[in-house]
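For reference, structure.tsv is printed below; it contains TSV, C-alpha atoms.
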```tsv
chain	number	residue	atom	x	y	z
E	1	MET	CA	-6.35	-24.93	-24.30
E	2	VAL	CA	-7.30	-21.41	-23.27
E	3	ASN	CA	-6.41	-18.27	-25.23
E	4	CYS	CA	-4.79	-15.10	-23.89
E	5	LYS	CA	-8.09	-13.40	-23.15
E	6	GLU	CA	-9.31	-16.37	-21.13
E	7	ALA	CA	-5.94	-16.83	-19.47
E	8	THR	CA	-5.80	-13.23	-18.21
E	9	PHE	CA	-9.38	-13.63	-16.98
E	10	LEU	CA	-8.52	-16.78	-15.04
E	11	MET	CA	-5.52	-15.10	-13.40
E	12	ALA	CA	-7.75	-12.85	-11.31
E	13	LYS	CA	-9.60	-15.94	-10.04
E	14	LYS	CA	-6.32	-17.69	-9.39
E	15	GLU	CA	-5.30	-14.90	-6.98
E	16	GLU	CA	-8.20	-15.92	-4.76
E	17	GLY	CA	-7.73	-19.64	-5.18
E	18	LYS	CA	-10.95	-19.85	-7.14
E	19	LEU	CA	-9.79	-21.99	-10.07
E	20	SER	CA	-10.99	-25.53	-10.61
E	21	VAL	CA	-8.27	-28.14	-11.08
E	22	MET	CA	-8.97	-28.20	-14.81
E	23	GLU	CA	-8.81	-24.40	-15.11
E	24	GLY	CA	-5.57	-24.39	-13.16
E	25	ILE	CA	-3.99	-26.88	-15.54
E	26	LYS	CA	-5.22	-25.03	-18.62
E	27	LEU	CA	-3.92	-21.73	-17.30
E	28	ALA	CA	-0.54	-23.16	-16.33
E	29	MET	CA	-0.16	-24.74	-19.77
E	30	HIS	CA	-0.97	-21.48	-21.48
E	31	THR	CA	1.33	-19.34	-19.33
E	32	SER	CA	4.22	-21.75	-19.74
E	33	MET	CA	4.07	-21.15	-23.47
E	34	CYS	CA	2.99	-17.51	-23.69
E	35	SER	CA	5.58	-14.95	-22.66
E	36	PHE	CA	3.08	-12.09	-22.91
E	37	CYS	CA	0.65	-13.64	-20.47
E	38	LYS	CA	3.56	-14.53	-18.21
E	39	LYS	CA	4.56	-10.85	-18.18
E	40	PHE	CA	0.96	-9.83	-17.64
E	41	GLU	CA	0.69	-12.01	-14.56
E	42	LYS	CA	3.94	-10.77	-13.05
E	43	GLN	CA	3.27	-7.09	-13.70
E	44	THR	CA	-0.33	-7.24	-12.57
E	45	SER	CA	0.64	-8.91	-9.34
E	46	GLN	CA	3.23	-6.18	-8.75
E	47	ILE	CA	0.55	-3.54	-9.26
E	48	GLY	CA	-1.72	-5.38	-6.83
E	49	LYS	CA	0.96	-5.50	-4.16
E	50	GLU	CA	1.92	-1.85	-4.47
E	51	SER	CA	-1.69	-0.65	-4.50
E	52	ARG	CA	-2.08	-1.42	-0.83
E	53	HIS	CA	0.60	1.18	-0.04
E	54	VAL	CA	-0.79	4.04	-2.07
E	55	HIS	CA	-1.05	7.21	0.03
E	56	ALA	CA	-1.72	10.83	-0.71
E	57	GLU	CA	0.87	13.40	0.26
E	58	ASN	CA	-1.62	16.13	1.12
E	59	SER	CA	-2.17	17.02	4.74
E	60	LEU	CA	-5.61	17.30	6.23
E	61	PRO	CA	-6.67	20.88	5.32
E	62	ASP	CA	-6.58	23.39	8.18
E	63	PHE	CA	-10.28	24.17	8.17
E	64	ALA	CA	-11.03	20.46	8.45
E	65	LYS	CA	-8.59	20.24	11.34
E	66	ASP	CA	-10.33	23.12	13.12
E	67	LYS	CA	-13.67	21.45	12.63
E	68	ILE	CA	-12.43	18.14	14.01
E	69	GLU	CA	-10.63	19.86	16.89
E	70	LYS	CA	-13.91	21.48	17.97
E	71	MET	CA	-15.76	18.21	17.59
E	72	LEU	CA	-13.22	16.36	19.72
E	73	LYS	CA	-13.39	19.03	22.43
E	74	ASN	CA	-17.18	19.07	22.49
E	75	HIS	CA	-17.42	15.35	22.83
E	76	SER	CA	-14.66	14.66	25.29
E	77	SER	CA	-15.49	17.33	27.84
C	1	MET	CA	4.94	-9.37	34.23
C	2	THR	CA	2.12	-7.04	33.38
C	3	LYS	CA	0.69	-7.11	29.92
C	4	GLN	CA	1.08	-3.84	28.15
C	5	VAL	CA	-2.26	-2.20	27.59
C	6	ASN	CA	-2.61	0.70	25.20
C	7	LYS	CA	-4.51	3.69	26.40
C	8	ALA	CA	-6.57	5.91	24.17
C	9	ASP	CA	-5.70	9.57	24.25
C	10	PRO	CA	-8.30	11.55	22.26
C	11	GLN	CA	-6.62	14.90	22.94
C	12	ASN	CA	-3.72	13.86	20.75
C	13	TRP	CA	-5.63	12.07	18.01
C	14	LEU	CA	-5.84	14.90	15.55
C	15	GLN	CA	-2.21	15.82	15.80
C	16	GLN	CA	-0.95	12.27	15.77
C	17	TYR	CA	-3.26	10.59	13.28
C	18	GLY	CA	-5.15	13.32	11.41
C	19	ASP	CA	-2.85	13.53	8.40
C	20	LEU	CA	-2.14	9.81	8.44
C	21	LEU	CA	-5.81	8.86	8.22
C	22	TYR	CA	-6.47	11.52	5.59
C	23	GLN	CA	-3.55	10.44	3.41
C	24	TYR	CA	-4.83	6.90	3.52
C	25	THR	CA	-8.44	7.85	2.78
C	26	LEU	CA	-8.00	10.34	-0.05
C	27	PRO	CA	-6.77	7.98	-2.79
C	28	ARG	CA	-9.38	5.43	-1.72
C	29	VAL	CA	-12.37	7.71	-2.13
C	30	ASN	CA	-11.03	10.25	-4.64
C	31	ASP	CA	-12.75	13.22	-3.08
C	32	SER	CA	-11.19	15.55	-0.53
C	33	VAL	CA	-14.50	16.54	1.08
C	34	ILE	CA	-15.56	12.91	1.50
C	35	ALA	CA	-12.12	12.04	2.84
C	36	GLU	CA	-12.32	14.83	5.44
C	37	ASP	CA	-15.77	13.68	6.48
C	38	LEU	CA	-14.66	10.07	6.84
C	39	VAL	CA	-11.72	11.10	9.03
C	40	GLN	CA	-14.00	13.20	11.21
C	41	GLU	CA	-16.56	10.37	11.46
C	42	THR	CA	-13.76	7.99	12.40
C	43	PHE	CA	-12.73	10.16	15.34
C	44	LEU	CA	-16.34	10.61	16.35
C	45	SER	CA	-17.06	6.86	16.29
C	46	ALA	CA	-13.85	6.26	18.20
C	47	LEU	CA	-14.90	8.73	20.89
C	48	LYS	CA	-18.29	7.09	21.21
C	49	GLY	CA	-16.70	3.68	21.35
C	50	LEU	CA	-13.99	4.65	23.81
C	51	ASP	CA	-15.40	2.36	26.49
C	52	GLY	CA	-15.16	-0.58	24.14
C	53	TYR	CA	-11.48	0.04	23.44
C	54	LYS	CA	-9.67	-2.52	25.53
C	55	GLY	CA	-6.22	-1.52	24.44
C	56	GLU	CA	-5.46	-4.84	22.75
C	57	ALA	CA	-4.74	-3.18	19.44
C	58	SER	CA	-2.61	-0.09	19.23
C	59	GLU	CA	-4.56	3.14	19.13
C	60	LYS	CA	-3.44	3.62	15.55
C	61	ASN	CA	-4.62	0.19	14.38
C	62	TRP	CA	-7.88	0.65	16.20
C	63	LEU	CA	-8.53	3.96	14.44
C	64	PHE	CA	-7.61	2.43	11.09
C	65	THR	CA	-10.05	-0.45	11.64
C	66	ILE	CA	-12.82	2.09	12.22
C	67	LEU	CA	-11.74	4.10	9.17
C	68	LYS	CA	-11.71	1.05	6.90
C	69	ASN	CA	-15.27	0.28	7.91
C	70	LYS	CA	-16.23	3.86	7.10
C	71	ILE	CA	-14.68	3.49	3.66
C	72	ILE	CA	-16.64	0.30	3.04
C	73	ASP	CA	-19.85	2.02	4.17
C	74	HIS	CA	-19.10	4.83	1.78
C	75	TYR	CA	-18.97	2.38	-1.13
C	76	ARG	CA	-22.04	0.56	0.09
C	77	LYS	CA	-24.04	3.79	0.10
C	78	LYS	CA	-22.66	4.79	-3.26
C	79	SER	CA	-23.77	1.56	-4.88
C	80	SER	CA	-27.25	1.32	-3.40
C	81	GLY	CA	-29.79	2.14	-6.04
C	82	LEU	CA	-27.47	1.29	-8.90
C	83	SER	CA	-28.87	-1.28	-11.25
C	84	VAL	CA	-26.78	-3.55	-13.45
C	85	MET	CA	-28.51	-2.10	-16.47
C	86	SER	CA	-26.97	1.27	-15.73
C	87	MET	CA	-23.46	-0.09	-15.62
C	88	PRO	CA	-21.83	1.20	-18.76
C	89	ASP	CA	-18.53	-0.34	-17.66
C	90	LEU	CA	-20.04	-3.75	-18.29
C	91	GLN	CA	-21.28	-3.00	-21.75
C	92	GLY	CA	-19.66	-2.08	-24.98
C	93	ALA	CA	-16.31	-3.00	-26.37
C	94	ASP	CA	-13.69	-4.98	-24.52
C	95	GLY	CA	-10.99	-2.38	-24.84
C	96	GLY	CA	-9.37	-3.92	-27.88
C	97	TRP	CA	-6.66	-5.96	-26.20
C	98	PHE	CA	-7.48	-9.22	-27.94
C	99	ASP	CA	-8.33	-10.29	-31.48
C	100	GLU	CA	-11.18	-12.65	-32.46
C	101	GLU	CA	-9.15	-15.65	-31.43
C	102	GLY	CA	-8.50	-14.13	-28.02
C	103	SER	CA	-4.80	-13.50	-28.65
C	104	TRP	CA	-3.07	-10.24	-27.76
C	105	VAL	CA	-3.36	-7.57	-30.43
C	106	GLU	CA	0.11	-6.71	-31.70
C	107	ASN	CA	0.54	-3.23	-30.17
C	108	ARG	CA	-1.26	-4.06	-26.91
C	109	MET	CA	1.01	-6.91	-25.87
C	110	PRO	CA	2.68	-6.52	-22.46
C	111	LYS	CA	6.20	-5.19	-22.84
C	112	ASP	CA	9.22	-6.07	-20.82
C	113	TRP	CA	9.39	-3.69	-17.84
C	114	ASP	CA	12.83	-4.78	-16.77
C	115	ALA	CA	14.20	-3.46	-20.04
C	116	ALA	CA	13.38	0.13	-19.06
C	117	ASP	CA	16.42	2.34	-18.48
C	118	LYS	CA	16.10	2.48	-14.75
C	119	PRO	CA	13.80	0.56	-12.45
C	120	LEU	CA	11.19	2.73	-10.81
C	121	GLU	CA	11.16	3.43	-7.11
C	122	ARG	CA	8.22	1.91	-5.29
C	123	LYS	CA	6.92	5.38	-4.39
C	124	GLU	CA	7.02	6.30	-8.05
C	125	ILE	CA	5.06	3.19	-9.06
C	126	GLN	CA	2.51	3.90	-6.34
C	127	LYS	CA	2.00	7.41	-7.69
C	128	ILE	CA	1.44	6.06	-11.19
C	129	ILE	CA	-0.96	3.43	-9.85
C	130	ASN	CA	-2.94	6.14	-8.12
C	131	TRP	CA	-3.11	8.24	-11.27
C	132	CYS	CA	-4.16	5.28	-13.40
C	133	LYS	CA	-6.75	4.17	-10.88
C	134	ASP	CA	-8.32	7.65	-11.02
C	135	HIS	CA	-8.74	7.19	-14.75
C	136	LEU	CA	-10.62	3.89	-14.57
C	137	LYS	CA	-14.33	3.94	-15.27
C	138	GLU	CA	-16.42	4.29	-12.14
C	139	LEU	CA	-17.32	0.71	-11.32
C	140	GLN	CA	-13.97	-0.68	-12.40
C	141	GLN	CA	-12.42	1.87	-10.09
C	142	HIS	CA	-14.59	0.71	-7.21
C	143	VAL	CA	-13.73	-2.96	-7.63
C	144	PHE	CA	-10.04	-2.16	-8.10
C	145	THR	CA	-9.94	0.02	-4.99
C	146	LEU	CA	-11.73	-2.48	-2.78
C	147	LYS	CA	-9.76	-5.45	-4.10
C	148	TYR	CA	-6.22	-4.10	-4.24
C	149	MET	CA	-6.13	-1.01	-2.07
C	150	GLU	CA	-8.44	-2.34	0.65
C	151	ASP	CA	-7.44	-5.97	0.20
C	152	LEU	CA	-10.98	-7.39	0.32
C	153	ASP	CA	-12.04	-10.58	-1.45
C	154	SER	CA	-14.51	-10.92	-4.30
C	155	ILE	CA	-17.36	-12.18	-2.10
C	156	GLU	CA	-17.16	-9.17	0.21
C	157	ILE	CA	-16.86	-6.78	-2.72
C	158	CYS	CA	-19.92	-8.23	-4.48
C	159	LYS	CA	-21.94	-7.66	-1.30
C	160	ILE	CA	-20.67	-4.11	-0.81
C	161	LEU	CA	-21.25	-3.06	-4.40
C	162	ASN	CA	-24.37	-5.17	-4.82
C	163	ILE	CA	-23.15	-6.87	-8.00
C	164	SER	CA	-23.19	-10.50	-9.13
C	165	SER	CA	-20.00	-12.48	-9.07
C	166	SER	CA	-19.98	-12.84	-12.86
C	167	ASN	CA	-20.18	-9.06	-13.18
C	168	TYR	CA	-17.39	-8.77	-10.66
C	169	TRP	CA	-14.99	-10.98	-12.62
C	170	VAL	CA	-15.65	-9.09	-15.84
C	171	LEU	CA	-15.05	-5.76	-14.10
C	172	ILE	CA	-11.87	-6.84	-12.33
C	173	HIS	CA	-10.51	-8.42	-15.52
C	174	ARG	CA	-10.97	-5.16	-17.41
C	175	ALA	CA	-9.63	-3.09	-14.54
C	176	ARG	CA	-6.48	-5.24	-14.41
C	177	LEU	CA	-5.96	-4.98	-18.18
C	178	LYS	CA	-6.37	-1.20	-18.09
C	179	MET	CA	-4.22	-0.69	-15.03
C	180	ARG	CA	-1.33	-2.71	-16.43
C	181	ASP	CA	-1.56	-0.92	-19.74
C	182	CYS	CA	-1.70	2.51	-18.09
C	183	VAL	CA	1.16	1.82	-15.67
C	184	GLU	CA	3.28	0.58	-18.56
C	185	LYS	CA	2.62	3.71	-20.61
C	186	HIS	CA	3.51	6.01	-17.74
C	187	ARG	CA	6.56	4.21	-16.50
C	188	LEU	CA	8.37	4.06	-19.81
```
Serialized structure, structure tokens:
Amino acid sequence: MVNCKEATFLMAKKEEGKLSVMEGIKLAMHTSMCSFCKKFEKQTSQIGKESRHVHAENSLPDFAKDKIEKMLKNHSS
Amino acid sequence: MTKQVNKADPQNWLQQYGDLLYQYTLPRVNDSVIAEDLVQETFLSALKGLDGYKGEASEKNWLFTILKNKIIDHYRKKSSGLSVMSMPDLQGADGGWFDEEGSWVENRMPKDWDAADKPLERKEIQKIINWCKDHLKELQQHVFTLKYMEDLDSIEICKILNISSSNYWVLIHRARLKMRDCVEKHRL
């Protein structure tokens, strides 16, 4: 049997398919009985999925735009 | 039928993709000056590589591919010269989530998110994620960014950051614990 600390550790490896068969069984047994680790897995996977879509709302500052504009002109003419 | 081929149009790049590339880069490097530089370098590399652009990918995807490589290079440069001994994130206490038996400590146990008054909008969650990510310790932040925001796998990340795989798993474990904890605190 694994404990909660080990179970949450194994979950990150599970995401990449890096668990051995034995680890997979131990983790599944633990999660089936531990509602906290079950929540941890669900919530952490939600965070992982949403992270890909994180964007800033700021626009490229004007002085940076000017700089890039000049650079593009210099190099494309 | 002729296959549609995309044509690159550098004159319009800044207007069309400038903000888009910047808004993607900023949360991934956490520094507005670096983000501006990476956007500029992306356009510059694209110009130089214009002949190699065959139009198979859309102009936008092509620029993003270049940008993502720039972001990886940024992390590679950042990590060169770092030694494991100087990685404070790997030393010290575990963060106090678990007791000696490895069970959740009473007040650190994951709570039920569905029980919150109203479910958060995805945009709202993404904002919280970004805030929490900014508050991770340096190396945890790097592994989190590369793993979940850039969608790379552990092998690639170990190479980029020049860390061992056992260090990686410790760092990502702690980053995941902290991120979940932080998101929970800020969403309730």
Separation of CA of Glu101 in chain C and CA of His30 in chain E, in Å? 14.1 Å
For the interface of chain C with chain E (cut-off 6 Å, counting all atoms listed in the file), please tabulate each contacting residue of chain C alongside its nearest pair of atoms and their separation in Å to one decimal, rows sorted by chain and increasing number, as CSV.
```
residue,atom,partner,partner_atom,distance
C:Asp19,CA,E:Ser59,CA,5.1
C:Tyr22,CA,E:Leu60,CA,5.9
C:Gln23,CA,E:Ala56,CA,4.5
C:Tyr24,CA,E:His55,CA,5.2
C:Gln40,CA,E:Ile68,CA,5.9
C:Gly102,CA,E:Lys5,CA,4.9
C:Ser103,CA,E:Cys4,CA,5.0
C:Pro110,CA,E:Phe36,CA,5.6
C:Gln126,CA,E:Val54,CA,5.4
C:Tyr148,CA,E:Gly48,CA,5.3
C:Met149,CA,E:Arg52,CA,4.3
C:His173,CA,E:Phe9,CA,5.5
```
Measure the distance from CA of Asp51 in chain C to CA of Ile66 in chain C in Å and round it to one decimal. 14.5 Å
Of the candidates C:Gln140, C:Asn61, C:Asn6, C:Thr145, which one gets nearest to Tyr168 in chain C if we count all atoms listed in the file? C:Gln140
Grab the CA of Leu67 in chain C to CA of Asp37 in chain C distance for me, in Å with one decimal place.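 CA of Asp37 in chain C lies at a distance of 10.7 Å from CA of Leu67 in chain C.
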Shortest interatomic distance to Lys14 in chain E - which of C:Asn167, C:Ser154, C:Leu44, C:Pro119, counting only C-alpha atoms: C:Ser154
Find the residues around Leu120 in chain C up to 10 Å (all atoms listed in the file counted), leave out those fewer than 6 positions away in its own chain, and share them as a PDB file with C-alpha atoms, keeping the file's coordinate frame.
```pdb
ATOM      1  CA  TRP C 113       9.390  -3.690 -17.840  1.00  0.00           C
ATOM      2  CA  ASP C 114      12.830  -4.780 -16.770  1.00  0.00           C
ATOM      3  CA  GLN C 126       2.510   3.900  -6.340  1.00  0.00           C
ATOM      4  CA  ARG C 187       6.560   4.210 -16.500  1.00  0.00           C
ATOM      5  CA  LEU C 188       8.370   4.060 -19.810  1.00  0.00           C
TER       6      LEU C 188
END
```
Counting all atoms listed in the file, the residue of C:Phe144, C:Ser58, C:Glu150, C:Leu47 that sits nearest Thr25 in chain C: C:Glu150
